[in-house]
Structure formats: structure tokens, C-alpha cells
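Q: Just so it is clear, I am handing over target.pdb, which has PDB, N, CA and C atoms.
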```
ATOM      1  N   MET H   1      21.647 -68.765 -44.345
ATOM      2  CA  MET H   1      23.075 -68.906 -44.443
ATOM      3  C   MET H   1      23.454 -70.368 -44.707
ATOM      4  N   TYR H   2      22.916 -71.272 -43.906
ATOM      5  CA  TYR H   2      23.158 -72.699 -44.099
ATOM      6  C   TYR H   2      21.804 -73.382 -44.333
ATOM      7  N   PRO H   3      21.815 -74.542 -44.991
ATOM      8  CA  PRO H   3      20.561 -75.287 -45.163
ATOM      9  C   PRO H   3      19.969 -75.688 -43.803
ATOM     10  N   ASP H   4      18.645 -75.852 -43.765
ATOM     11  CA  ASP H   4      17.994 -76.293 -42.532
ATOM     12  C   ASP H   4      18.425 -77.708 -42.165
ATOM     13  N   ASN H   5      18.627 -78.533 -43.164
ATOM     14  CA  ASN H   5      19.155 -79.873 -42.921
ATOM     15  C   ASN H   5      19.984 -80.273 -44.133
ATOM     16  N   PHE H   6      20.688 -81.353 -44.017
ATOM     17  CA  PHE H   6      21.566 -81.784 -45.097
ATOM     18  C   PHE H   6      21.120 -83.124 -45.676
ATOM     19  N   ASN H   7      19.840 -83.418 -45.546
ATOM     20  CA  ASN H   7      19.313 -84.660 -46.097
ATOM     21  C   ASN H   7      19.450 -84.639 -47.621
ATOM     22  N   GLY H   8      19.870 -85.728 -48.178
ATOM     23  CA  GLY H   8      19.964 -85.853 -49.621
ATOM     24  C   GLY H   8      21.229 -85.270 -50.233
ATOM     25  N   TYR H   9      22.107 -84.736 -49.418
ATOM     26  CA  TYR H   9      23.352 -84.181 -49.947
ATOM     27  C   TYR H   9      24.349 -85.307 -50.216
ATOM     28  N   SER H  10      25.134 -85.141 -51.265
ATOM     29  CA  SER H  10      26.156 -86.131 -51.586
ATOM     30  C   SER H  10      27.333 -85.982 -50.623
ATOM     31  N   PHE H  11      28.203 -86.984 -50.633
ATOM     32  CA  PHE H  11      29.401 -86.939 -49.790
ATOM     33  C   PHE H  11      30.231 -85.702 -50.122
ATOM     34  N   GLU H  12      30.393 -85.416 -51.409
ATOM     35  CA  GLU H  12      31.182 -84.260 -51.829
ATOM     36  C   GLU H  12      30.556 -82.952 -51.335
ATOM     37  N   GLN H  13      29.229 -82.856 -51.441
ATOM     38  CA  GLN H  13      28.553 -81.646 -50.967
ATOM     39  C   GLN H  13      28.698 -81.496 -49.456
ATOM     40  N   LEU H  14      28.562 -82.602 -48.743
ATOM     41  CA  LEU H  14      28.691 -82.546 -47.284
ATOM     42  C   LEU H  14      30.096 -82.140 -46.861
ATOM     43  N   THR H  15      31.118 -82.668 -47.546
ATOM     44  CA  THR H  15      32.477 -82.285 -47.178
ATOM     45  C   THR H  15      32.736 -80.821 -47.517
ATOM     46  N   TRP H  16      32.140 -80.311 -48.598
ATOM     47  CA  TRP H  16      32.276 -78.893 -48.919
ATOM     48  C   TRP H  16      31.649 -78.048 -47.818
ATOM     49  N   TRP H  17      30.437 -78.410 -47.395
ATOM     50  CA  TRP H  17      29.759 -77.659 -46.329
ATOM     51  C   TRP H  17      30.544 -77.721 -45.029
ATOM     52  N   ARG H  18      31.102 -78.892 -44.709
ATOM     53  CA  ARG H  18      31.891 -79.016 -43.488
ATOM     54  C   ARG H  18      33.076 -78.061 -43.519
ATOM     55  N   THR H  19      33.764 -78.011 -44.645
ATOM     56  CA  THR H  19      34.901 -77.109 -44.792
ATOM     57  C   THR H  19      34.465 -75.655 -44.635
ATOM     58  N   LYS H  20      33.345 -75.287 -45.245
ATOM     59  CA  LYS H  20      32.843 -73.917 -45.151
ATOM     60  C   LYS H  20      32.465 -73.565 -43.719
ATOM     61  N   ILE H  21      31.762 -74.462 -43.053
ATOM     62  CA  ILE H  21      31.331 -74.199 -41.677
ATOM     63  C   ILE H  21      32.531 -74.089 -40.744
ATOM     64  N   LEU H  22      33.512 -74.960 -40.909
ATOM     65  CA  LEU H  22      34.722 -74.878 -40.081
ATOM     66  C   LEU H  22      35.446 -73.551 -40.295
ATOM     67  N   ALA H  23      35.528 -73.098 -41.543
ATOM     68  CA  ALA H  23      36.170 -71.810 -41.823
ATOM     69  C   ALA H  23      35.372 -70.667 -41.192
ATOM     70  N   ASP H  24      34.049 -70.738 -41.275
ATOM     71  CA  ASP H  24      33.201 -69.711 -40.665
ATOM     72  C   ASP H  24      33.372 -69.692 -39.145
ATOM     73  N   LEU H  25      33.461 -70.881 -38.539
ATOM     74  CA  LEU H  25      33.667 -70.958 -37.095
ATOM     75  C   LEU H  25      35.017 -70.379 -36.692
ATOM     76  N   GLN H  26      36.032 -70.678 -37.466
ATOM     77  CA  GLN H  26      37.372 -70.148 -37.199
ATOM     78  C   GLN H  26      37.354 -68.619 -37.252
ATOM     79  N   GLN H  27      36.709 -68.077 -38.267
ATOM     80  CA  GLN H  27      36.625 -66.624 -38.415
ATOM     81  C   GLN H  27      35.835 -66.014 -37.258
ATOM     82  N   ALA H  28      34.727 -66.644 -36.887
ATOM     83  CA  ALA H  28      33.912 -66.131 -35.791
ATOM     84  C   ALA H  28      34.686 -66.161 -34.475
ATOM     85  N   GLU H  29      35.460 -67.227 -34.275
ATOM     86  CA  GLU H  29      36.265 -67.322 -33.058
ATOM     87  C   GLU H  29      37.308 -66.205 -33.011
ATOM     88  N   GLU H  30      37.964 -65.967 -34.127
ATOM     89  CA  GLU H  30      38.970 -64.904 -34.184
ATOM     90  C   GLU H  30      38.341 -63.535 -33.927
ATOM     91  N   GLN H  31      37.165 -63.302 -34.504
ATOM     92  CA  GLN H  31      36.481 -62.028 -34.296
ATOM     93  C   GLN H  31      36.058 -61.864 -32.841
ATOM     94  N   ALA H  32      35.592 -62.949 -32.238
ATOM     95  CA  ALA H  32      35.155 -62.881 -30.840
ATOM     96  C   ALA H  32      36.342 -62.602 -29.921
ATOM     97  N   ILE H  33      37.453 -63.254 -30.175
ATOM     98  CA  ILE H  33      38.651 -63.028 -29.361
ATOM     99  C   ILE H  33      39.132 -61.590 -29.537
ATOM    100  N   ASP H  34      39.118 -61.100 -30.780
ATOM    101  CA  ASP H  34      39.504 -59.709 -31.038
ATOM    102  C   ASP H  34      38.579 -58.733 -30.311
ATOM    103  N   ALA H  35      37.314 -59.135 -30.130
ATOM    104  CA  ALA H  35      36.339 -58.284 -29.444
ATOM    105  C   ALA H  35      36.432 -58.411 -27.921
ATOM    106  N   GLY H  36      37.327 -59.302 -27.451
ATOM    107  CA  GLY H  36      37.538 -59.425 -26.014
ATOM    108  C   GLY H  36      36.726 -60.509 -25.329
ATOM    109  N   ILE H  37      36.121 -61.381 -26.092
ATOM    110  CA  ILE H  37      35.361 -62.480 -25.495
ATOM    111  C   ILE H  37      36.337 -63.583 -25.093
ATOM    112  N   ASP H  38      36.185 -64.101 -23.893
ATOM    113  CA  ASP H  38      37.030 -65.180 -23.377
ATOM    114  C   ASP H  38      36.847 -66.435 -24.230
ATOM    115  N   PRO H  39      37.922 -67.040 -24.743
ATOM    116  CA  PRO H  39      37.809 -68.237 -25.582
ATOM    117  C   PRO H  39      37.054 -69.390 -24.905
ATOM    118  N   GLU H  40      37.219 -69.549 -23.599
ATOM    119  CA  GLU H  40      36.500 -70.637 -22.904
ATOM    120  C   GLU H  40      34.998 -70.360 -22.872
ATOM    121  N   GLU H  41      34.633 -69.109 -22.682
ATOM    122  CA  GLU H  41      33.207 -68.754 -22.696
ATOM    123  C   GLU H  41      32.635 -68.950 -24.094
ATOM    124  N   LEU H  42      33.418 -68.635 -25.092
ATOM    125  CA  LEU H  42      32.987 -68.835 -26.472
ATOM    126  C   LEU H  42      32.726 -70.312 -26.746
ATOM    127  N   LYS H  43      33.590 -71.194 -26.252
ATOM    128  CA  LYS H  43      33.392 -72.635 -26.434
ATOM    129  C   LYS H  43      32.092 -73.098 -25.793
ATOM    130  N   ILE H  44      31.768 -72.558 -24.621
ATOM    131  CA  ILE H  44      30.516 -72.914 -23.944
ATOM    132  C   ILE H  44      29.321 -72.472 -24.775
ATOM    133  N   ILE H  45      29.385 -71.248 -25.286
ATOM    134  CA  ILE H  45      28.288 -70.730 -26.114
ATOM    135  C   ILE H  45      28.114 -71.588 -27.356
ATOM    136  N   LEU H  46      29.229 -71.917 -28.027
ATOM    137  CA  LEU H  46      29.145 -72.738 -29.236
ATOM    138  C   LEU H  46      28.592 -74.127 -28.939
ATOM    139  N   SER H  47      28.988 -74.720 -27.818
ATOM    140  CA  SER H  47      28.491 -76.058 -27.489
ATOM    141  C   SER H  47      26.987 -76.034 -27.245
ATOM    142  N   LYS H  48      26.487 -74.939 -26.677
ATOM    143  CA  LYS H  48      25.037 -74.815 -26.485
ATOM    144  C   LYS H  48      24.324 -74.696 -27.827
ATOM    145  N   GLY H  49      24.935 -73.968 -28.754
ATOM    146  CA  GLY H  49      24.353 -73.849 -30.086
ATOM    147  C   GLY H  49      24.327 -75.180 -30.815
ATOM    148  N   ILE H  50      25.383 -75.943 -30.669
ATOM    149  CA  ILE H  50      25.445 -77.266 -31.289
ATOM    150  C   ILE H  50      24.383 -78.181 -30.685
ATOM    151  N   ALA H  51      24.251 -78.143 -29.373
ATOM    152  CA  ALA H  51      23.240 -78.959 -28.701
ATOM    153  C   ALA H  51      21.844 -78.579 -29.178
ATOM    154  N   LEU H  52      21.590 -77.278 -29.317
ATOM    155  CA  LEU H  52      20.288 -76.819 -29.804
ATOM    156  C   LEU H  52      20.028 -77.354 -31.205
ATOM    157  N   GLY H  53      21.037 -77.295 -32.063
ATOM    158  CA  GLY H  53      20.883 -77.814 -33.417
ATOM    159  C   GLY H  53      20.556 -79.294 -33.440
ATOM    160  N   LYS H  54      21.185 -80.064 -32.570
ATOM    161  CA  LYS H  54      20.911 -81.501 -32.498
ATOM    162  C   LYS H  54      19.484 -81.767 -32.031
ATOM    163  N   VAL H  55      19.033 -81.015 -31.025
ATOM    164  CA  VAL H  55      17.668 -81.188 -30.521
ATOM    165  C   VAL H  55      16.653 -80.815 -31.599
ATOM    166  N   GLU H  56      16.884 -79.696 -32.282
ATOM    167  CA  GLU H  56      15.963 -79.288 -33.333
ATOM    168  C   GLU H  56      15.911 -80.309 -34.458
ATOM    169  N   SER H  57      17.038 -80.906 -34.780
ATOM    170  CA  SER H  57      17.086 -81.932 -35.806
ATOM    171  C   SER H  57      16.244 -83.144 -35.407
ATOM    172  N   LYS H  58      16.367 -83.561 -34.148
ATOM    173  CA  LYS H  58      15.583 -84.706 -33.664
ATOM    174  C   LYS H  58      14.089 -84.379 -33.655
ATOM    175  N   ILE H  59      13.739 -83.154 -33.261
ATOM    176  CA  ILE H  59      12.325 -82.739 -33.270
ATOM    177  C   ILE H  59      11.777 -82.807 -34.692
ATOM    178  N   ASP H  60      12.550 -82.313 -35.666
ATOM    179  CA  ASP H  60      12.120 -82.365 -37.063
ATOM    180  C   ASP H  60      11.914 -83.804 -37.519
ATOM    181  N   LEU H  61      12.830 -84.704 -37.132
ATOM    182  CA  LEU H  61      12.674 -86.112 -37.504
ATOM    183  C   LEU H  61      11.387 -86.697 -36.930
ATOM    184  N   LEU H  62      11.107 -86.385 -35.655
ATOM    185  CA  LEU H  62       9.891 -86.905 -35.026
ATOM    186  C   LEU H  62       8.629 -86.338 -35.680
ATOM    187  N   ARG H  63       8.661 -85.062 -36.011
ATOM    188  CA  ARG H  63       7.511 -84.455 -36.705
ATOM    189  C   ARG H  63       7.262 -85.145 -38.038
ATOM    190  N   ASN H  64       8.331 -85.385 -38.779
ATOM    191  CA  ASN H  64       8.186 -86.034 -40.089
ATOM    192  C   ASN H  64       7.651 -87.446 -39.937
ATOM    193  N   ARG H  65       8.063 -88.167 -38.918
ATOM    194  CA  ARG H  65       7.559 -89.523 -38.671
ATOM    195  C   ARG H  65       6.074 -89.488 -38.348
ATOM    196  N   ARG H  66       5.667 -88.525 -37.525
ATOM    197  CA  ARG H  66       4.246 -88.400 -37.175
ATOM    198  C   ARG H  66       3.407 -88.120 -38.394
ATOM    199  N   ARG H  67       3.903 -87.268 -39.282
ATOM    200  CA  ARG H  67       3.153 -86.944 -40.513
ATOM    201  C   ARG H  67       2.967 -88.173 -41.386
ATOM    202  N   ARG H  68       3.994 -89.028 -41.451
ATOM    203  CA  ARG H  68       3.896 -90.228 -42.264
ATOM    204  C   ARG H  68       2.918 -91.229 -41.668
ATOM    205  N   VAL H  69       2.808 -91.256 -40.335
ATOM    206  CA  VAL H  69       1.926 -92.223 -39.671
ATOM    207  C   VAL H  69       0.467 -91.836 -39.844
ATOM    208  N   LYS H  70       0.190 -90.542 -39.868
ATOM    209  CA  LYS H  70      -1.217 -90.083 -39.955
ATOM    210  C   LYS H  70      -1.890 -90.438 -41.226
TER     211      LYS H  70
END
```
Would you kindly transcribe this structure into C-alpha cells?

A:
Amino acid sequence: MYPDNFNGYSFEQLTWWRTKILADLQQAEEQAIDAGIDPEELKIILSKGIALGKVESKIDLLRNRRRRVK
């Protein structure tokens, strides 16, 4: 659905992706609320997903650094 990372993307491409992701998040939030999910609980779930993405990104960076050192 989305690229694994956004390395090498231009400013224009990144702003396009940001707009798309924000629209997708808005739609997902509306669907979750319509399904009866508490908005505060949804925010907690999303923040955990964001944190996971940041950790995975850092792990990928460290792996790539190790490969270059070897």
C-alpha cells in the first residue's frame, strides 16, 4: 500500500504521499468511529503504530550501516 521507506523521494513526491496518508487516516478514523470504536482508543492504537514504524525505520538504518561496514 505504501513504500517501505521514502528514501530518495523528491519534496513534491513526499508532499503527495503525506496528503494521501492523511486522507487515508481521516477515512480510517471515520470508519472506526462509525463502527463504534472510541476515538481516544483509536488515537492510542495509531500512536503505537507510528512508534512501531519509527522503530522499524531505525532498525533498517542500523542494518544498512552494518552491511556497509562489513

Q: Report the distance between atom N of H:Leu52 and atom N of H:Asn5 in Å, rounded to one decimal place.

A: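 That distance, rounded to one decimal, is 14.2 Å.
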
Q: For H:Asp4, list every protein, DNA or RNA residue within 12 Å, evaluated using only C-alpha atoms, and leave out those in the same chain fewer than 6 positions away; present the list as a list in words.

A: Gly53, Lys54, Glu56, Ser57 and Asp60 of chain H

Q: Atoms to include: N, CA and C atoms. Write the selected residues as a PDB file, in the frame of the given file.

A:
```pdb
ATOM      1  N   GLY H  53      21.037 -77.295 -32.063  1.00  0.00           N
ATOM      2  CA  GLY H  53      20.883 -77.814 -33.417  1.00  0.00           C
ATOM      3  C   GLY H  53      20.556 -79.294 -33.440  1.00  0.00           C
ATOM      4  N   LYS H  54      21.185 -80.064 -32.570  1.00  0.00           N
ATOM      5  CA  LYS H  54      20.911 -81.501 -32.498  1.00  0.00           C
ATOM      6  C   LYS H  54      19.484 -81.767 -32.031  1.00  0.00           C
ATOM      7  N   GLU H  56      16.884 -79.696 -32.282  1.00  0.00           N
ATOM      8  CA  GLU H  56      15.963 -79.288 -33.333  1.00  0.00           C
ATOM      9  C   GLU H  56      15.911 -80.309 -34.458  1.00  0.00           C
ATOM     10  N   SER H  57      17.038 -80.906 -34.780  1.00  0.00           N
ATOM     11  CA  SER H  57      17.086 -81.932 -35.806  1.00  0.00           C
ATOM     12  C   SER H  57      16.244 -83.144 -35.407  1.00  0.00           C
ATOM     13  N   ASP H  60      12.550 -82.313 -35.666  1.00  0.00           N
ATOM     14  CA  ASP H  60      12.120 -82.365 -37.063  1.00  0.00           C
ATOM     15  C   ASP H  60      11.914 -83.804 -37.519  1.00  0.00           C
TER      16      ASP H  60
END
```

Q: What does the distance from atom CA of H:Leu42 to atom CA of H:Trp17 come to in Å, to one decimal?

A: 22.0 Å

Q: Distance atom CA of H:Arg18-atom CA of H:Leu46, one decimal place?

A: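 Result for atom CA of H:Arg18 versus atom CA of H:Leu46: 15.8 Å, one decimal.
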
Q: Determine the axis-aligned bounding box of all atoms of stretch 33-47 of chain H present in the file, pad each side by 6 Å, and express its centre and edge lengths in Å to one decimal place as JSON.

A:
```
{"center_x": 33.2, "center_y": -67.2, "center_z": -26.9, "size_x": 24.5, "size_y": 29.8, "size_z": 20.4}
```

Q: Which residues in chain H does DSSP call helix (DSSP H, G or I)? List them as a PyMOL selection string.

A: chain H and resi 11-34+39-69

Q: At most 12 Å from (35.0, -68.3, -33.5), file frame, only C-alpha atoms: which residues, as a list of chain:residue names?

A: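 Those residues, ordered by chain and then number, are H:Ile21, H:Leu22, H:Ala23, H:Asp24, H:Leu25, H:Gln26, H:Gln27, H:Ala28, H:Glu29, H:Glu30, H:Gln31, H:Ala32, H:Ile33, H:Asp34, H:Ala35, H:Gly36, H:Ile37, H:Asp38, H:Pro39, H:Glu40, H:Glu41, H:Leu42, H:Lys43, H:Ile44, H:Ile45, H:Leu46, H:Ser47.
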
Q: Go ahead and save the picked residues with N, CA and C atoms, as a PDB file, in the frame of the given file.

A:
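Written out: again.pdb:
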```pdb
ATOM      1  N   ILE H  21      31.762 -74.462 -43.053  1.00  0.00           N
ATOM      2  CA  ILE H  21      31.331 -74.199 -41.677  1.00  0.00           C
ATOM      3  C   ILE H  21      32.531 -74.089 -40.744  1.00  0.00           C
ATOM      4  N   LEU H  22      33.512 -74.960 -40.909  1.00  0.00           N
ATOM      5  CA  LEU H  22      34.722 -74.878 -40.081  1.00  0.00           C
ATOM      6  C   LEU H  22      35.446 -73.551 -40.295  1.00  0.00           C
ATOM      7  N   ALA H  23      35.528 -73.098 -41.543  1.00  0.00           N
ATOM      8  CA  ALA H  23      36.170 -71.810 -41.823  1.00  0.00           C
ATOM      9  C   ALA H  23      35.372 -70.667 -41.192  1.00  0.00           C
ATOM     10  N   ASP H  24      34.049 -70.738 -41.275  1.00  0.00           N
ATOM     11  CA  ASP H  24      33.201 -69.711 -40.665  1.00  0.00           C
ATOM     12  C   ASP H  24      33.372 -69.692 -39.145  1.00  0.00           C
ATOM     13  N   LEU H  25      33.461 -70.881 -38.539  1.00  0.00           N
ATOM     14  CA  LEU H  25      33.667 -70.958 -37.095  1.00  0.00           C
ATOM     15  C   LEU H  25      35.017 -70.379 -36.692  1.00  0.00           C
ATOM     16  N   GLN H  26      36.032 -70.678 -37.466  1.00  0.00           N
ATOM     17  CA  GLN H  26      37.372 -70.148 -37.199  1.00  0.00           C
ATOM     18  C   GLN H  26      37.354 -68.619 -37.252  1.00  0.00           C
ATOM     19  N   GLN H  27      36.709 -68.077 -38.267  1.00  0.00           N
ATOM     20  CA  GLN H  27      36.625 -66.624 -38.415  1.00  0.00           C
ATOM     21  C   GLN H  27      35.835 -66.014 -37.258  1.00  0.00           C
ATOM     22  N   ALA H  28      34.727 -66.644 -36.887  1.00  0.00           N
ATOM     23  CA  ALA H  28      33.912 -66.131 -35.791  1.00  0.00           C
ATOM     24  C   ALA H  28      34.686 -66.161 -34.475  1.00  0.00           C
ATOM     25  N   GLU H  29      35.460 -67.227 -34.275  1.00  0.00           N
ATOM     26  CA  GLU H  29      36.265 -67.322 -33.058  1.00  0.00           C
ATOM     27  C   GLU H  29      37.308 -66.205 -33.011  1.00  0.00           C
ATOM     28  N   GLU H  30      37.964 -65.967 -34.127  1.00  0.00           N
ATOM     29  CA  GLU H  30      38.970 -64.904 -34.184  1.00  0.00           C
ATOM     30  C   GLU H  30      38.341 -63.535 -33.927  1.00  0.00           C
ATOM     31  N   GLN H  31      37.165 -63.302 -34.504  1.00  0.00           N
ATOM     32  CA  GLN H  31      36.481 -62.028 -34.296  1.00  0.00           C
ATOM     33  C   GLN H  31      36.058 -61.864 -32.841  1.00  0.00           C
ATOM     34  N   ALA H  32      35.592 -62.949 -32.238  1.00  0.00           N
ATOM     35  CA  ALA H  32      35.155 -62.881 -30.840  1.00  0.00           C
ATOM     36  C   ALA H  32      36.342 -62.602 -29.921  1.00  0.00           C
ATOM     37  N   ILE H  33      37.453 -63.254 -30.175  1.00  0.00           N
ATOM     38  CA  ILE H  33      38.651 -63.028 -29.361  1.00  0.00           C
ATOM     39  C   ILE H  33      39.132 -61.590 -29.537  1.00  0.00           C
ATOM     40  N   ASP H  34      39.118 -61.100 -30.780  1.00  0.00           N
ATOM     41  CA  ASP H  34      39.504 -59.709 -31.038  1.00  0.00           C
ATOM     42  C   ASP H  34      38.579 -58.733 -30.311  1.00  0.00           C
ATOM     43  N   ALA H  35      37.314 -59.135 -30.130  1.00  0.00           N
ATOM     44  CA  ALA H  35      36.339 -58.284 -29.444  1.00  0.00           C
ATOM     45  C   ALA H  35      36.432 -58.411 -27.921  1.00  0.00           C
ATOM     46  N   GLY H  36      37.327 -59.302 -27.451  1.00  0.00           N
ATOM     47  CA  GLY H  36      37.538 -59.425 -26.014  1.00  0.00           C
ATOM     48  C   GLY H  36      36.726 -60.509 -25.329  1.00  0.00           C
ATOM     49  N   ILE H  37      36.121 -61.381 -26.092  1.00  0.00           N
ATOM     50  CA  ILE H  37      35.361 -62.480 -25.495  1.00  0.00           C
ATOM     51  C   ILE H  37      36.337 -63.583 -25.093  1.00  0.00           C
ATOM     52  N   ASP H  38      36.185 -64.101 -23.893  1.00  0.00           N
ATOM     53  CA  ASP H  38      37.030 -65.180 -23.377  1.00  0.00           C
ATOM     54  C   ASP H  38      36.847 -66.435 -24.230  1.00  0.00           C
ATOM     55  N   PRO H  39      37.922 -67.040 -24.743  1.00  0.00           N
ATOM     56  CA  PRO H  39      37.809 -68.237 -25.582  1.00  0.00           C
ATOM     57  C   PRO H  39      37.054 -69.390 -24.905  1.00  0.00           C
ATOM     58  N   GLU H  40      37.219 -69.549 -23.599  1.00  0.00           N
ATOM     59  CA  GLU H  40      36.500 -70.637 -22.904  1.00  0.00           C
ATOM     60  C   GLU H  40      34.998 -70.360 -22.872  1.00  0.00           C
ATOM     61  N   GLU H  41      34.633 -69.109 -22.682  1.00  0.00           N
ATOM     62  CA  GLU H  41      33.207 -68.754 -22.696  1.00  0.00           C
ATOM     63  C   GLU H  41      32.635 -68.950 -24.094  1.00  0.00           C
ATOM     64  N   LEU H  42      33.418 -68.635 -25.092  1.00  0.00           N
ATOM     65  CA  LEU H  42      32.987 -68.835 -26.472  1.00  0.00           C
ATOM     66  C   LEU H  42      32.726 -70.312 -26.746  1.00  0.00           C
ATOM     67  N   LYS H  43      33.590 -71.194 -26.252  1.00  0.00           N
ATOM     68  CA  LYS H  43      33.392 -72.635 -26.434  1.00  0.00           C
ATOM     69  C   LYS H  43      32.092 -73.098 -25.793  1.00  0.00           C
ATOM     70  N   ILE H  44      31.768 -72.558 -24.621  1.00  0.00           N
ATOM     71  CA  ILE H  44      30.516 -72.914 -23.944  1.00  0.00           C
ATOM     72  C   ILE H  44      29.321 -72.472 -24.775  1.00  0.00           C
ATOM     73  N   ILE H  45      29.385 -71.248 -25.286  1.00  0.00           N
ATOM     74  CA  ILE H  45      28.288 -70.730 -26.114  1.00  0.00           C
ATOM     75  C   ILE H  45      28.114 -71.588 -27.356  1.00  0.00           C
ATOM     76  N   LEU H  46      29.229 -71.917 -28.027  1.00  0.00           N
ATOM     77  CA  LEU H  46      29.145 -72.738 -29.236  1.00  0.00           C
ATOM     78  C   LEU H  46      28.592 -74.127 -28.939  1.00  0.00           C
ATOM     79  N   SER H  47      28.988 -74.720 -27.818  1.00  0.00           N
ATOM     80  CA  SER H  47      28.491 -76.058 -27.489  1.00  0.00           C
ATOM     81  C   SER H  47      26.987 -76.034 -27.245  1.00  0.00           C
TER      82      SER H  47
END
```
